[in-house]
Amino acid sequence: RAVHSIPRWKKRATMAPAAKEFYEDQKNLNKLCNFLRSADGPAVREAIMMDKRVYYIKGEKLVNFMVEPKKGTKWPKELPRFSSRPDAIAVCKELCNIQYIHRSEKVAKGELEVARVRDFDESAYFTWIYEGDMTNKNLMTTALIIGFLCCTCFPIWPNFLKVFVWYMSVSLLIFIFFLVTLRALLFLFVWIIGYELWFLPNLFDESLGFCESFVPVISCEKTKDGQLMYRVGVFVAFFSFCYWAVTQPSEFDGFVKGQGDFIKDLYAGTLLSDMSQKDKENIDKPKMPSLEDLLKKLDSEDEEEKELSEEEAAEALLDSLVEDSEDDIDEDEE
């Protein structure tokens, strides 16, 4: 039995009306915009418009992506593909009409302003107004608020939770310290032989997101010319320190023991003084003066009164002496 295959142009002709009708529904159009705004969507650029950070894309790149997505893109199965550029342009015009995107003009590097012309044009730039699915953002905001409230209520936490947070904080601090130290030592060893090797090179890059900070895992490049003398100097200094550490075991062992004691004090919570430790343990208790404090306060008040009475007696004696001397002078004159 002969199998008749449908030509490709007929498939496109049959798919176009279905896609056009599909995206006339507002919910389906929102699904398309959610996909375009996701990580699998077209690449966008950042800019500042009206003192706000926005994301924009050129109209031609948006249409090209909708018609022929880049390699490796997973187009959602529930969304029909566009068979021609006119179909994609028609949807882009609809996005402009419902103000999911708006036309913009470049004012300076990294700055945009709203264009007076609102029509869609492939040669123009368009800024995204549609923010996509807000479910994850709302959940993250809710979690942030709840976490903030929990942190402000730290004084009334149970004691076991306070201890848990203390151990977690100390462990994280020690982990970051050793991670930074190992990264630096690894870079130093490899840099001496003429290469720059970084483990997690973007770890402290503030301009990247959380996941992007861990990519790539390792980067290795050859060092620039003219650093030979610096590498030799670092090599001599580092191995001189290693020689000193080996030949002076008592001092180095004391240094290692001191670091170990420091870590133990961190976990035990005894790094603070006894008075500070006592205040930390009694932070939830009302601060009431003890009987000993009250007695000391009364004794100090009695001493102050005695000092005042002695001063008054001395002043009275001095006044009487002055009066007696004045009387004697008057009698002599008479």
# chains A, B, ... in the order shown; residues from 1 in each chain; ligands from 1
>>> residues_around(residues="Arg183 (chain A)", least_positions_apart="4", cutoff="10 Å", atoms="only C-alpha atoms", output="list in words")
Phe178, Leu179, Phe187, Leu188, Leu197, Trp198, Phe199, Leu200 and Pro201 of chain A
>>> select_by_dssp(residues="region 215-244 of chain A", states="strand (DSSP E)", output="list of chain:residue names")
A:Ile218, A:Ser219, A:Cys220, A:Glu221, A:Lys222
>>> select_by_dssp(residues="region 72-198 of chain A", states="alpha helix (DSSP H)", output="ChimeraX atom specification")
/A:85-97,135-152,159-192
>>> closest_residue(among="A:Lys70, A:Ser213, A:Leu172, A:Ile48", to="Val114 (chain A)", atoms="only C-alpha atoms")
A:Ile48
>>> atom_distance(atom1="CA of Phe148 (chain A)", atom2="CA of Tyr130 (chain A)")
28.7 Å
>>> residues_around(residues="region 233-247 of chain A", least_positions_apart="4", cutoff="12 Å", atoms="only C-alpha atoms", output="ChimeraX atom specification")
/A:185,188-194,227-229,251-256
>>> closest_residue(among="A:Ile101, A:Ile146, A:Val217, A:Val170", to="Asp119 (chain A)", atoms="only C-alpha atoms")
A:Ile101
>>> atom_distance(atom1="CA of Val180 (chain A)", atom2="CA of Gly258 (chain A)")
20.2 Å
>>> atom_distance(atom1="CA of Gln26 (chain A)", atom2="CA of Ala88 (chain A)")
15.8 Å
>>> residues_around(residues="Lys31 (chain A)", least_positions_apart="5", cutoff="12 Å", atoms="only C-alpha atoms", output="ChimeraX atom specification")
/A:22-26,36-38,75-80,130,132-133
>>> closest_residue(among="A:Glu94, A:Glu301, A:Glu196, A:Glu105", to="Phe120 (chain A)", atoms="only C-alpha atoms")
A:Glu94
>>> residues_around(residues="region 53-63 of chain A", least_positions_apart="3", cutoff="7 Å", atoms="only C-alpha atoms", output="PyMOL selection string")
chain A and resi 42+44-49+66-67+85+88-89+121-128
